[in-house]
file model.pdb (PDB, C-alpha atoms, pLDDT in the B column)
ATOM      1  CA  MET A   1     102.918  40.826  61.612  1.00 65.00           C
ATOM      2  CA  GLY A   2     103.644  42.744  64.833  1.00 79.00           C
ATOM      3  CA  LEU A   3     106.331  45.274  65.605  1.00 82.00           C
ATOM      4  CA  LEU A   4     108.536  42.748  67.406  1.00 84.00           C
ATOM      5  CA  GLU A   5     108.476  40.360  64.449  1.00 86.00           C
ATOM      6  CA  GLU A   6     108.789  43.085  61.823  1.00 86.00           C
ATOM      7  CA  PHE A   7     111.782  44.741  63.516  1.00 88.00           C
ATOM      8  CA  PRO A   8     113.746  42.154  65.510  1.00 89.00           C
ATOM      9  CA  GLY A   9     116.513  43.748  67.549  1.00 89.00           C
ATOM     10  CA  ILE A  10     115.143  47.243  66.940  1.00 92.00           C
ATOM     11  CA  VAL A  11     111.862  47.033  68.868  1.00 94.00           C
ATOM     12  CA  LYS A  12     111.765  45.781  72.457  1.00 94.00           C
ATOM     13  CA  SER A  13     108.749  45.375  74.705  1.00 92.00           C
ATOM     14  CA  GLN A  14     108.234  46.460  78.316  1.00 92.00           C
ATOM     15  CA  VAL A  15     111.301  48.699  78.600  1.00 92.00           C
ATOM     16  CA  SER A  16     111.913  51.290  81.315  1.00 92.00           C
ATOM     17  CA  LEU A  17     112.505  54.768  79.942  1.00 89.00           C
ATOM     18  CA  ALA A  18     114.521  55.839  83.009  1.00 89.00           C
ATOM     19  CA  PRO A  19     117.914  55.154  81.386  1.00 90.00           C
ATOM     20  CA  PHE A  20     116.908  57.358  78.450  1.00 87.00           C
ATOM     21  CA  THR A  21     116.196  60.511  80.487  1.00 87.00           C
ATOM     22  CA  ARG A  22     118.595  62.943  82.082  1.00 87.00           C
ATOM     23  CA  LEU A  23     116.886  62.637  85.500  1.00 86.00           C
ATOM     24  CA  LYS A  24     116.902  58.819  85.246  1.00 88.00           C
ATOM     25  CA  ILE A  25     113.190  58.565  86.029  1.00 86.00           C
ATOM     26  CA  GLY A  26     110.449  57.077  83.945  1.00 86.00           C
ATOM     27  CA  GLY A  27     108.187  54.087  83.802  1.00 88.00           C
ATOM     28  CA  PHE A  28     107.817  51.254  81.374  1.00 91.00           C
ATOM     29  CA  VAL A  29     106.510  51.524  77.820  1.00 89.00           C
ATOM     30  CA  ASP A  30     104.781  48.855  75.780  1.00 89.00           C
ATOM     31  CA  PHE A  31     107.371  49.170  73.004  1.00 91.00           C
ATOM     32  CA  LEU A  32     110.688  50.952  72.554  1.00 92.00           C
ATOM     33  CA  ALA A  33     112.118  51.295  69.071  1.00 94.00           C
ATOM     34  CA  GLU A  34     115.668  52.344  68.299  1.00 93.00           C
ATOM     35  CA  PRO A  35     115.803  52.580  64.497  1.00 94.00           C
ATOM     36  CA  GLN A  36     119.237  52.659  62.904  1.00 93.00           C
ATOM     37  CA  SER A  37     118.260  54.471  59.713  1.00 94.00           C
ATOM     38  CA  ILE A  38     115.766  56.942  58.309  1.00 95.00           C
ATOM     39  CA  GLU A  39     114.187  54.081  56.344  1.00 94.00           C
ATOM     40  CA  GLN A  40     113.574  52.058  59.522  1.00 94.00           C
ATOM     41  CA  LEU A  41     112.122  55.107  61.267  1.00 94.00           C
ATOM     42  CA  SER A  42     109.827  55.797  58.319  1.00 95.00           C
ATOM     43  CA  ARG A  43     108.619  52.185  58.223  1.00 93.00           C
ATOM     44  CA  LEU A  44     108.033  52.178  62.005  1.00 94.00           C
ATOM     45  CA  ILE A  45     105.901  55.311  61.749  1.00 94.00           C
ATOM     46  CA  VAL A  46     103.888  53.888  58.858  1.00 94.00           C
ATOM     47  CA  ILE A  47     103.189  50.651  60.744  1.00 92.00           C
ATOM     48  CA  CYS A  48     102.262  52.513  63.947  1.00 92.00           C
ATOM     49  CA  ARG A  49      99.801  54.658  62.039  1.00 94.00           C
ATOM     50  CA  ILE A  50      98.276  51.680  60.209  1.00 92.00           C
ATOM     51  CA  GLU A  51      97.952  49.677  63.440  1.00 91.00           C
ATOM     52  CA  LYS A  52      96.808  52.770  65.394  1.00 94.00           C
ATOM     53  CA  ILE A  53      99.704  52.433  67.853  1.00 91.00           C
ATOM     54  CA  PRO A  54     100.384  55.788  69.523  1.00 92.00           C
ATOM     55  CA  PHE A  55     104.026  56.837  69.406  1.00 92.00           C
ATOM     56  CA  ARG A  56     106.339  59.594  70.614  1.00 88.00           C
ATOM     57  CA  VAL A  57     109.822  60.467  69.428  1.00 88.00           C
ATOM     58  CA  LEU A  58     112.230  60.908  72.339  1.00 84.00           C
ATOM     59  CA  GLY A  59     115.292  63.028  71.671  1.00 80.00           C
ATOM     60  CA  GLY A  60     118.064  63.454  74.214  1.00 77.00           C
ATOM     61  CA  GLY A  61     115.709  62.994  77.175  1.00 72.00           C
ATOM     62  CA  ALA A  62     116.731  66.288  78.800  1.00 75.00           C
ATOM     63  CA  ASN A  63     113.458  68.219  78.670  1.00 74.00           C
ATOM     64  CA  VAL A  64     110.998  65.456  79.440  1.00 74.00           C
ATOM     65  CA  LEU A  65     109.376  63.933  82.503  1.00 73.00           C
ATOM     66  CA  ILE A  66     107.955  60.445  82.130  1.00 77.00           C
ATOM     67  CA  ARG A  67     105.366  59.090  84.521  1.00 76.00           C
ATOM     68  CA  GLU A  68     106.528  56.049  86.454  1.00 79.00           C
ATOM     69  CA  GLN A  69     103.028  54.588  86.805  1.00 74.00           C
ATOM     70  CA  ARG A  70     100.235  54.231  84.300  1.00 65.00           C
ATOM     71  CA  ALA A  71      97.373  56.719  84.613  1.00 57.00           C
TER
END
call {"tool": "encode", "arguments": {"input": "model.pdb", "output": "structure tokens"}}
result
Amino acid sequence: MGLLEEFPGIVKSQVSLAPFTRLKIGGFVDFLAEPQSIEQLSRLIVICRIEKIPFRVLGGGANVLIREQRA
């Protein structure tokens, strides 16, 4: 079962990160997860590690620059 099926409403695909950064810049990511509890966050991390899906935790978006195009 994939992330979208495992976490409906929490994980979205192909989302721009621009609205999540202070400078309002940033490209698209394959998946964006917005867990509502520690349990959901823990389960997301476990699944990402099992499926070898790289992940980053984004805080307030103030001290980050996100590339707008893929490398």
call {"tool": "residues_around", "arguments": {"input": "model.pdb", "residues": "Lys24 of chain A", "least_positions_apart": "2", "cutoff": "12 Å", "atoms": "only C-alpha atoms", "output": "PyMOL selection string"}}
result
chain A and resi 16-22+26-27+61-68
call {"tool": "atom_distance", "arguments": {"input": "model.pdb", "atom1": "atom CA of Lys12 of chain A", "atom2": "atom CA of Leu44 of chain A"}}
result
12.8 Å
call {"tool": "closest_residue", "arguments": {"input": "model.pdb", "among": "A:Gly59, A:Gly2, A:Pro54, A:Gly9", "to": "Val29 of chain A", "atoms": "only C-alpha atoms"}}
result
A:Pro54
call {"tool": "closest_residue", "arguments": {"input": "model.pdb", "among": "A:Asp30, A:Gln36, A:Ile25, A:Gly60", "to": "Phe7 of chain A", "atoms": "only C-alpha atoms"}}
result
A:Gln36
call {"tool": "atom_distance", "arguments": {"input": "model.pdb", "atom1": "atom CA of Gln14 of chain A", "atom2": "atom CA of Arg43 of chain A"}}
result
20.9 Å
call {"tool": "residues_around", "arguments": {"input": "model.pdb", "residues": "Ser13 of chain A", "least_positions_apart": "3", "cutoff": "9 Å", "atoms": "all atoms listed in the file", "output": "compact mmCIF listing (two decimals) with C-alpha atoms, keeping the file's coordinate frame"}}
result
# COMPACT_ATOMS: atom_id res chain seq x y z
CA LEU A 4 108.54 42.75 67.41
CA PHE A 28 107.82 51.25 81.37
CA VAL A 29 106.51 51.52 77.82
CA ASP A 30 104.78 48.86 75.78
CA PHE A 31 107.37 49.17 73.00
CA LEU A 32 110.69 50.95 72.55
CA ALA A 33 112.12 51.30 69.07
call {"tool": "atom_distance", "arguments": {"input": "model.pdb", "atom1": "atom CA of Leu58 of chain A", "atom2": "atom CA of Glu5 of chain A"}}
result
22.3 Å
call {"tool": "residues_around", "arguments": {"input": "model.pdb", "residues": "Pro35 of chain A", "least_positions_apart": "2", "cutoff": "9 Å", "atoms": "all atoms listed in the file", "output": "PyMOL selection string"}}
result
chain A and resi 7+10-11+33+37-41+44
call {"tool": "build_atoms", "arguments": {"input": "model.pdb", "residues": "segment 52-71 of chain A", "atoms": "N, CA and C atoms", "output": "compact mmCIF listing (two decimals), in the frame of the given file"}}
result
# COMPACT_ATOMS: atom_id res chain seq x y z
N LYS A 52 97.33 51.85 64.39
CA LYS A 52 96.81 52.77 65.39
C LYS A 52 97.53 52.62 66.74
N ILE A 53 98.85 52.51 66.66
CA ILE A 53 99.70 52.43 67.85
C ILE A 53 100.24 53.84 68.11
N PRO A 54 99.87 54.45 69.25
CA PRO A 54 100.38 55.79 69.52
C PRO A 54 101.90 55.75 69.72
N PHE A 55 102.57 56.81 69.27
CA PHE A 55 104.03 56.84 69.41
C PHE A 55 104.50 58.25 69.72
N ARG A 56 105.66 58.33 70.32
CA ARG A 56 106.34 59.59 70.61
C ARG A 56 107.80 59.42 70.24
N VAL A 57 108.40 60.48 69.74
CA VAL A 57 109.82 60.47 69.43
C VAL A 57 110.54 61.13 70.60
N LEU A 58 111.47 60.41 71.20
CA LEU A 58 112.23 60.91 72.34
C LEU A 58 113.61 61.31 71.86
N GLY A 59 113.98 62.55 72.08
CA GLY A 59 115.29 63.03 71.67
C GLY A 59 116.34 62.66 72.71
N GLY A 60 117.00 63.67 73.24
CA GLY A 60 118.06 63.45 74.21
C GLY A 60 117.57 63.14 75.62
N GLY A 61 116.27 63.32 75.87
CA GLY A 61 115.71 62.99 77.18
C GLY A 61 115.96 64.05 78.24
N ALA A 62 116.40 65.26 77.83
CA ALA A 62 116.73 66.29 78.80
C ALA A 62 115.52 67.10 79.24
N ASN A 63 114.59 67.35 78.36
CA ASN A 63 113.46 68.22 78.67
C ASN A 63 112.15 67.44 78.72
N VAL A 64 112.19 66.31 79.40
CA VAL A 64 111.00 65.46 79.44
C VAL A 64 110.89 64.80 80.81
N LEU A 65 109.67 64.71 81.30
CA LEU A 65 109.38 63.93 82.50
C LEU A 65 108.43 62.81 82.10
N ILE A 66 108.74 61.62 82.51
CA ILE A 66 107.96 60.44 82.13
C ILE A 66 107.36 59.83 83.38
N ARG A 67 106.07 59.67 83.38
CA ARG A 67 105.37 59.09 84.52
C ARG A 67 105.88 57.68 84.81
N GLU A 68 106.03 57.37 86.09
CA GLU A 68 106.53 56.05 86.45
C GLU A 68 105.41 55.03 86.62
N GLN A 69 104.17 55.49 86.71
CA GLN A 69 103.03 54.59 86.80
C GLN A 69 102.02 54.97 85.74
N ARG A 70 101.27 53.97 85.30
CA ARG A 70 100.24 54.23 84.30
C ARG A 70 99.10 55.04 84.94
N ALA A 71 98.50 55.88 84.13
CA ALA A 71 97.37 56.72 84.61
C ALA A 71 96.14 55.89 84.82
